[in-house]
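Engineer: The following block contains the structure, expressed as structure tokens.
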Amino acid sequence: MPRIVSIYLPRWPIQRFLVAQGNAPRSPDTIDAHYPFVLTVDAAGGPRIAAASKPAEIEGLAAGGLVADARAKVPGLQTRPAMPEADARALHRLGLWAMRYTPSVALYREADGADGLFLDVTGASHLAGGEQALLADIVKRLRHLRLGARVALADTPGAAWAFSRFHAQNGTVIAEDGDPGPALADLPLAALRLGDDLVQTLRRLGFTRIGDLIGKPRAPFAARFDAILLKRLDQAMGRREEALALIEPPPLYHRSRQLIEPVVSQAAVVHVAARLMQDLVPALVAGGVAARALQLRLFRVDGEVRTIHIGLAAATRDPAHIARLVELDLERLGETIDAGFGFETISLTATVTEKFGQRQNRLSLKEGRRDALPADAAERRAELIDALRQRLGPGSVQRLHPVARHDPAFAEEARDAADPEPALPTAWPTTDGSRQRPPLFLDQPEPLQILATSPEGLPDHVRWRGSSHRITALQGPERIAGPWWEAAPPALPDKPGKEEYGWGKMGEESPALPDSESPKSQKRNRFEDGEATRERAVLLPTPTRQDYYVAETQNGQRFWLCHDGRQNWSLRGLLA
């Protein structure tokens, strides 16, 4: 059976606001947490209370009440506008913090209150010393973050949610494996995550506890009430699955380590990362895969989470290589990855994996050391790319890939060197002496000023970027046509009777034809609707053509020139 932890944060928007205020410098507008304080939201009839602090609730204020009435009841009431976006972002950060216990973490939805977390700790509680120790550690750490929480553990999210809100004593409660019905029976109907209107209707009919619904015939409830009633009951009882919207997809290969003492040094982080990768290798080998991308998460004592993304040019299982990449990334980040009071938990997750066949082990005694050479050139190249990317940052190393385009200036594109090869890669075109291509293309064609031409009308003396160049040799032309769909279609005349119908030229009147051969007599063969309409032929656009020349100057420079078919010459690239 799964084991789900529910972390309920009472008055979450108030707690989030006060924690954020405590981290900011004190000012005259600072809220006094010991005096009634509410968050407000604009609504019909005037501002209303969105959330109230505990002192405000003691004074009788509650969410949904008018702020004007609250001010009359509590003089000097402290108010601030609610910030639901900031609350959602902070809850997401708290979800990342909770991933120190398990990688399967979900946020409460709006229907659940949007004020807590679900943790799927199936098979993970023993890492914290058992379920009781796990819940105690969660409560202790949240209290250290100045967040009061009520935590429960059960077999289903619905039961855990109900226990954390309505049954948690001293902050925690654990429901034993098996039927949760007896434990849920004494809880109010609101523990089933039902709407207020539905709860009030059930109360008028005499149903006040969950136990009043358990064991009753289902047909009357299905006929009279919305389907959400039986759905929530079945989810809480474990008779219907409830999918959790996890912050991240559950990884297949994940390892974490809670440290006895927090670490602050870069060397210690690299050492732990290598040990975690060593722990991952057996699982990777068993699955016949290797890591292509990894995530190293560093959990600070104060609750902050630092994430290091490791992208690989080729799949690997080498702990020494991963440790080297972590070290390079830490060197690149420098001061930006502040350890604070230290990292107390470190986790490593293989986010992307690839099939990895068996390979011959190295025979060198230096295997596993940093100075050990990989087995082949491809592996050496991949390790070099990985090292450069981690040292210089993501996207800093690119690789050229061929593209099927007519124009050689656009026949290649740069992609991240760590991107996988396409399933059907395009082969690089073969070249010969008659089809020379420049190794360097200009970003944009640069116009040339023709100073002198040969008797054939070809450039003999040109000016480029302020310097004149005399051409001593010219090879070409090589005509390259662009794609036909990129050319502009020819303009059609506006006057009727001047179109091209397939028998005349543009602008000429159609010749007189016998009645039996006229388009009008044949219209029923062309059109099913019988409308007397003449058919216009489709005029395809003319592809653009450009002539290219290889020019050599008196200084030995070699240019790749382009003539657009009119009178314009431009420089497209430089040859070796």
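Letters A, B, ... go to the chains of the structure tokens in the order shown; residues in each chain start at 1; ligands are counted from 1 in the same order.
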If you count only C-alpha atoms, which residues fall within 12 Å of Trp12 of chain A, apart from same-chain ones fewer than 3 positions away, as a PyMOL selection string?
Structural biologist: chain A and resi 7-9+15-19+39+50-54+82-84+86-88+90-91+94+108+113-117+146-150
Engineer: Can you pull out every residue from segment 206-324 of chain A that DSSP, working from the backbone, puts in strand (DSSP E or B), and format the result as a compact mmCIF listing (two decimals) with N, CA, C and O atoms, in the first residue's frame?
Structural biologist:
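Okay, this is what ended up in part.txt:
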```txt
# COMPACT_ATOMS: atom_id res chain seq x y z
N ARG A 209 -21.16 13.13 10.53
CA ARG A 209 -19.83 12.53 10.57
C ARG A 209 -19.63 11.64 9.34
O ARG A 209 -20.60 11.20 8.72
N LEU A 246 2.40 15.85 -9.22
CA LEU A 246 3.72 16.02 -8.64
C LEU A 246 4.41 17.25 -9.24
O LEU A 246 4.19 17.62 -10.40
N HIS A 254 17.18 7.77 -8.48
CA HIS A 254 17.33 8.87 -7.54
C HIS A 254 18.02 8.36 -6.28
O HIS A 254 17.70 7.28 -5.78
N ARG A 255 18.96 9.15 -5.79
CA ARG A 255 19.62 8.84 -4.53
C ARG A 255 19.80 10.14 -3.75
O ARG A 255 20.03 11.20 -4.33
N SER A 256 19.68 10.04 -2.43
CA SER A 256 19.88 11.20 -1.57
C SER A 256 20.61 10.78 -0.31
O SER A 256 20.62 9.59 0.04
N ARG A 257 21.21 11.74 0.33
CA ARG A 257 21.98 11.45 1.54
C ARG A 257 21.79 12.61 2.52
O ARG A 257 22.04 13.78 2.18
N GLN A 258 21.34 12.28 3.71
CA GLN A 258 21.24 13.26 4.78
C GLN A 258 22.53 13.20 5.60
O GLN A 258 22.89 12.14 6.11
N LEU A 259 23.19 14.32 5.70
CA LEU A 259 24.51 14.38 6.31
C LEU A 259 24.41 14.59 7.81
O LEU A 259 23.51 15.32 8.30
N ILE A 260 25.31 13.98 8.53
CA ILE A 260 25.32 14.15 9.99
C ILE A 260 25.65 15.59 10.35
O ILE A 260 25.01 16.18 11.23
N GLU A 261 26.61 16.15 9.67
CA GLU A 261 26.98 17.55 9.87
C GLU A 261 26.87 18.28 8.54
O GLU A 261 27.27 17.75 7.50
N PRO A 262 26.32 19.49 8.53
CA PRO A 262 26.24 20.24 7.27
C PRO A 262 27.62 20.49 6.69
O PRO A 262 28.60 20.67 7.42
N VAL A 263 27.70 20.49 5.36
CA VAL A 263 28.96 20.74 4.67
C VAL A 263 28.88 22.10 3.98
O VAL A 263 27.80 22.53 3.55
N VAL A 289 20.74 1.18 -18.79
CA VAL A 289 20.77 2.56 -19.25
C VAL A 289 21.95 3.27 -18.60
O VAL A 289 22.62 2.74 -17.71
N ALA A 290 22.17 4.49 -19.08
CA ALA A 290 23.17 5.38 -18.49
C ALA A 290 22.58 6.78 -18.45
O ALA A 290 21.61 7.09 -19.15
N ALA A 291 23.14 7.63 -17.62
CA ALA A 291 22.60 8.97 -17.41
C ALA A 291 23.01 9.89 -18.56
O ALA A 291 24.17 9.91 -18.96
N ARG A 292 22.05 10.64 -19.07
CA ARG A 292 22.32 11.65 -20.09
C ARG A 292 22.17 13.06 -19.51
O ARG A 292 22.74 14.02 -20.03
N ALA A 293 21.38 13.21 -18.45
CA ALA A 293 21.21 14.49 -17.75
C ALA A 293 20.91 14.18 -16.29
O ALA A 293 20.18 13.24 -15.98
N LEU A 294 21.50 14.98 -15.41
CA LEU A 294 21.32 14.78 -13.98
C LEU A 294 21.00 16.10 -13.30
O LEU A 294 21.27 17.18 -13.83
N GLN A 295 20.43 15.98 -12.11
CA GLN A 295 20.13 17.13 -11.26
C GLN A 295 20.73 16.88 -9.89
O GLN A 295 20.41 15.86 -9.25
N LEU A 296 21.57 17.78 -9.46
CA LEU A 296 22.14 17.71 -8.11
C LEU A 296 21.47 18.80 -7.28
O LEU A 296 21.59 19.99 -7.61
N ARG A 297 20.78 18.40 -6.22
CA ARG A 297 20.09 19.36 -5.36
C ARG A 297 20.82 19.44 -4.03
O ARG A 297 21.10 18.42 -3.40
N LEU A 298 21.06 20.68 -3.60
CA LEU A 298 21.73 20.96 -2.33
C LEU A 298 20.73 21.66 -1.42
O LEU A 298 20.26 22.77 -1.72
N PHE A 299 20.38 21.01 -0.31
CA PHE A 299 19.39 21.54 0.64
C PHE A 299 20.11 22.21 1.80
O PHE A 299 20.83 21.57 2.56
N ARG A 300 19.91 23.52 1.91
CA ARG A 300 20.57 24.28 2.97
C ARG A 300 19.83 24.13 4.29
O ARG A 300 18.66 23.76 4.33
N VAL A 305 17.04 25.84 -1.39
CA VAL A 305 17.46 24.71 -2.22
C VAL A 305 18.24 25.25 -3.41
O VAL A 305 17.78 26.16 -4.09
N ARG A 306 19.41 24.69 -3.63
CA ARG A 306 20.23 25.04 -4.79
C ARG A 306 20.26 23.84 -5.73
O ARG A 306 20.46 22.71 -5.29
N THR A 307 20.07 24.09 -7.02
CA THR A 307 20.00 23.01 -8.00
C THR A 307 21.10 23.20 -9.04
O THR A 307 21.28 24.31 -9.56
N ILE A 308 21.83 22.15 -9.32
CA ILE A 308 22.86 22.14 -10.36
C ILE A 308 22.41 21.17 -11.45
O ILE A 308 22.17 20.00 -11.18
N HIS A 309 22.28 21.67 -12.67
CA HIS A 309 21.87 20.85 -13.81
C HIS A 309 23.12 20.40 -14.55
O HIS A 309 23.98 21.21 -14.90
N ILE A 310 23.19 19.11 -14.81
CA ILE A 310 24.35 18.52 -15.47
C ILE A 310 23.86 17.88 -16.76
O ILE A 310 23.18 16.85 -16.73
N GLY A 311 24.17 18.50 -17.90
CA GLY A 311 23.85 17.93 -19.19
C GLY A 311 25.07 17.25 -19.79
O GLY A 311 26.19 17.77 -19.69
N LEU A 312 24.87 16.11 -20.39
CA LEU A 312 25.98 15.30 -20.89
C LEU A 312 25.88 15.17 -22.40
O LEU A 312 24.79 14.99 -22.95
N ALA A 313 27.03 15.24 -23.07
CA ALA A 313 27.06 15.05 -24.52
C ALA A 313 26.88 13.60 -24.91
O ALA A 313 26.46 13.31 -26.02
N ALA A 314 27.19 12.69 -24.01
CA ALA A 314 27.00 11.26 -24.24
C ALA A 314 26.65 10.61 -22.91
O ALA A 314 27.08 11.06 -21.85
N ALA A 315 25.85 9.56 -22.98
CA ALA A 315 25.42 8.87 -21.77
C ALA A 315 26.64 8.29 -21.04
O ALA A 315 27.59 7.81 -21.67
N THR A 316 26.61 8.32 -19.71
CA THR A 316 27.74 7.84 -18.93
C THR A 316 27.26 7.28 -17.60
O THR A 316 26.18 7.62 -17.12
```
Engineer: Please identify all polymer residues within 6 Å of segment 231-233 of chain A, counting only C-alpha atoms, omitting same-chain residues fewer than 3 positions from it, and present them as a list in words.
Structural biologist: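 Here the qualifying residues turn out to be Leu192, Ile228 and Ala236 of chain A.
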Engineer: Please, could you write that set of residues out with C-alpha atoms as a CSV table (one decimal), in the first residue's frame?
Structural biologist:
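Result went into out_12.csv, see below:
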```csv
chain,number,residue,atom,x,y,z
A,192,LEU,CA,-14.0,14.7,2.9
A,228,ILE,CA,-18.3,14.4,-5.9
A,236,ALA,CA,-10.5,8.6,1.3
```
Engineer: Restricting the calculation to only C-alpha atoms: of A:His271, A:Gly123, A:Thr172, A:Val105, which residue gets closest to Pro250 of chain A?
Structural biologist: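 Ranking A:His271, A:Gly123, A:Thr172, A:Val105 by distance to Pro250 of chain A, first place goes to A:Val105.
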Engineer: Mind checking which residues fall within 8 Å of Val550 of chain A, counting only C-alpha atoms, ignoring those fewer than 4 positions away in the same chain, and posting them as a VMD selection string?
Structural biologist: chain A and resid 436 474 to 476 558 to 561
Engineer: May I have the selected residues written with C-alpha atoms, as a CSV table (one decimal), in the first residue's frame?
Structural biologist:
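Saved as part.csv:
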```
chain,number,residue,atom,x,y,z
A,436,GLN,CA,33.8,25.2,-53.6
A,474,LEU,CA,37.4,34.5,-61.4
A,475,GLN,CA,35.8,31.0,-61.4
A,476,GLY,CA,32.1,30.5,-62.2
A,558,ARG,CA,39.5,34.5,-52.0
A,559,PHE,CA,36.0,35.8,-52.0
A,560,TRP,CA,32.7,34.1,-52.7
A,561,LEU,CA,30.7,36.6,-54.8
```
Engineer: Extract, using only C-alpha atoms, all DNA, RNA and protein residues at most 7 Å from Arg572 of chain A, discarding same-chain residues fewer than 3 positions from it, and format them as a PyMOL selection string.
Structural biologist: chain A and resi 441-442+445-446+560-562
Engineer: For those residues, write C-alpha atoms to a file as a compact mmCIF listing (two decimals), in the first residue's frame.
Structural biologist:
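The result, stored in out_22.txt:
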```
# COMPACT_ATOMS: atom_id res chain seq x y z
CA PHE A 441 29.78 32.78 -44.30
CA LEU A 442 28.95 36.37 -43.47
CA PRO A 445 25.46 39.59 -47.65
CA GLU A 446 27.61 42.71 -47.86
CA TRP A 560 32.66 34.06 -52.68
CA LEU A 561 30.72 36.57 -54.79
CA CYS A 562 27.04 36.58 -55.59
```
Engineer: Got a sec: who's within 12 Å of Ser467 of chain A, counting only C-alpha atoms, leaving out chain neighbours fewer than 2 positions off, as a ChimeraX atom specification?
Structural biologist: /A:448-451,461-465,469-470,553,555
Engineer: To one decimal place, how far is atom CA of Pro249 of chain A from atom CA of Ile322 of chain A in Å?
Structural biologist: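 Between atom CA of Pro249 of chain A and atom CA of Ile322 of chain A the gap works out to 22.5 Å.
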Engineer: Report as a list in words all protein, DNA and RNA residues lying within 9 Å of Val199 of chain A, evaluated on only C-alpha atoms, omitting residues in the same chain fewer than 4 positions from it.
Structural biologist: Leu189, Ala190, Leu194, Gly195, Arg203, Arg204, Phe207 and Thr208 of chain A
Engineer: I need the chosen residues saved as a PDB file, in the first residue's frame, with all heavy atoms.
Structural biologist:
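This went into again_37.pdb:
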```
ATOM      1  N   LEU A 189     -17.905  15.855   8.231  1.00  0.00           N
ATOM      2  CA  LEU A 189     -18.031  15.670   6.792  1.00  0.00           C
ATOM      3  C   LEU A 189     -17.100  16.579   5.999  1.00  0.00           C
ATOM      4  O   LEU A 189     -16.711  16.249   4.872  1.00  0.00           O
ATOM      5  CB  LEU A 189     -19.480  15.919   6.361  1.00  0.00           C
ATOM      6  CG  LEU A 189     -20.515  14.909   6.877  1.00  0.00           C
ATOM      7  CD1 LEU A 189     -21.913  15.342   6.465  1.00  0.00           C
ATOM      8  CD2 LEU A 189     -20.205  13.523   6.349  1.00  0.00           C
ATOM      9  N   ALA A 190     -16.722  17.718   6.572  1.00  0.00           N
ATOM     10  CA  ALA A 190     -15.807  18.616   5.869  1.00  0.00           C
ATOM     11  C   ALA A 190     -14.452  17.970   5.625  1.00  0.00           C
ATOM     12  O   ALA A 190     -13.696  18.418   4.755  1.00  0.00           O
ATOM     13  CB  ALA A 190     -15.627  19.911   6.660  1.00  0.00           C
ATOM     14  N   LEU A 194     -15.447  18.358   0.897  1.00  0.00           N
ATOM     15  CA  LEU A 194     -16.716  18.689   0.251  1.00  0.00           C
ATOM     16  C   LEU A 194     -16.982  20.180   0.380  1.00  0.00           C
ATOM     17  O   LEU A 194     -16.510  20.845   1.302  1.00  0.00           O
ATOM     18  CB  LEU A 194     -17.860  17.895   0.892  1.00  0.00           C
ATOM     19  CG  LEU A 194     -17.733  16.375   0.876  1.00  0.00           C
ATOM     20  CD1 LEU A 194     -18.883  15.752   1.641  1.00  0.00           C
ATOM     21  CD2 LEU A 194     -17.674  15.846  -0.554  1.00  0.00           C
ATOM     22  N   GLY A 195     -17.777  20.708  -0.543  1.00  0.00           N
ATOM     23  CA  GLY A 195     -18.146  22.110  -0.485  1.00  0.00           C
ATOM     24  C   GLY A 195     -19.054  22.414   0.696  1.00  0.00           C
ATOM     25  O   GLY A 195     -19.750  21.542   1.228  1.00  0.00           O
ATOM     26  N   ARG A 203     -26.028  17.867   6.595  1.00  0.00           N
ATOM     27  CA  ARG A 203     -26.317  18.067   8.023  1.00  0.00           C
ATOM     28  C   ARG A 203     -27.818  18.191   8.253  1.00  0.00           C
ATOM     29  O   ARG A 203     -28.337  17.681   9.251  1.00  0.00           O
ATOM     30  CB  ARG A 203     -25.592  19.324   8.522  1.00  0.00           C
ATOM     31  CG  ARG A 203     -24.103  19.110   8.764  1.00  0.00           C
ATOM     32  CD  ARG A 203     -23.455  20.391   9.236  1.00  0.00           C
ATOM     33  NE  ARG A 203     -22.033  20.201   9.517  1.00  0.00           N
ATOM     34  CZ  ARG A 203     -21.194  21.176   9.817  1.00  0.00           C
ATOM     35  NH1 ARG A 203     -21.654  22.438   9.883  1.00  0.00           N
ATOM     36  NH2 ARG A 203     -19.931  20.918  10.060  1.00  0.00           N
ATOM     37  N   ARG A 204     -28.513  18.870   7.364  1.00  0.00           N
ATOM     38  CA  ARG A 204     -29.963  18.997   7.521  1.00  0.00           C
ATOM     39  C   ARG A 204     -30.649  17.646   7.426  1.00  0.00           C
ATOM     40  O   ARG A 204     -31.732  17.445   7.992  1.00  0.00           O
ATOM     41  CB  ARG A 204     -30.522  19.960   6.476  1.00  0.00           C
ATOM     42  CG  ARG A 204     -30.196  21.425   6.746  1.00  0.00           C
ATOM     43  CD  ARG A 204     -31.082  22.338   5.915  1.00  0.00           C
ATOM     44  NE  ARG A 204     -30.850  22.169   4.492  1.00  0.00           N
ATOM     45  CZ  ARG A 204     -29.969  22.872   3.788  1.00  0.00           C
ATOM     46  NH1 ARG A 204     -29.232  23.797   4.402  1.00  0.00           N
ATOM     47  NH2 ARG A 204     -29.831  22.665   2.494  1.00  0.00           N
ATOM     48  N   PHE A 207     -26.771  13.811   8.618  1.00  0.00           N
ATOM     49  CA  PHE A 207     -25.434  13.255   8.451  1.00  0.00           C
ATOM     50  C   PHE A 207     -24.415  14.301   8.913  1.00  0.00           C
ATOM     51  O   PHE A 207     -24.288  15.363   8.287  1.00  0.00           O
ATOM     52  CB  PHE A 207     -25.177  12.883   6.990  1.00  0.00           C
ATOM     53  CG  PHE A 207     -26.141  11.872   6.440  1.00  0.00           C
ATOM     54  CD1 PHE A 207     -27.207  12.270   5.635  1.00  0.00           C
ATOM     55  CD2 PHE A 207     -25.993  10.521   6.725  1.00  0.00           C
ATOM     56  CE1 PHE A 207     -28.102  11.346   5.123  1.00  0.00           C
ATOM     57  CE2 PHE A 207     -26.886   9.586   6.210  1.00  0.00           C
ATOM     58  CZ  PHE A 207     -27.944   9.999   5.416  1.00  0.00           C
ATOM     59  N   THR A 208     -23.727  14.020   9.989  1.00  0.00           N
ATOM     60  CA  THR A 208     -22.762  14.977  10.542  1.00  0.00           C
ATOM     61  C   THR A 208     -21.340  14.444  10.534  1.00  0.00           C
ATOM     62  O   THR A 208     -20.392  15.224  10.579  1.00  0.00           O
ATOM     63  CB  THR A 208     -23.146  15.343  11.983  1.00  0.00           C
ATOM     64  OG1 THR A 208     -23.172  14.149  12.778  1.00  0.00           O
ATOM     65  CG2 THR A 208     -24.519  16.027  12.006  1.00  0.00           C
TER      66      THR A 208
END
```
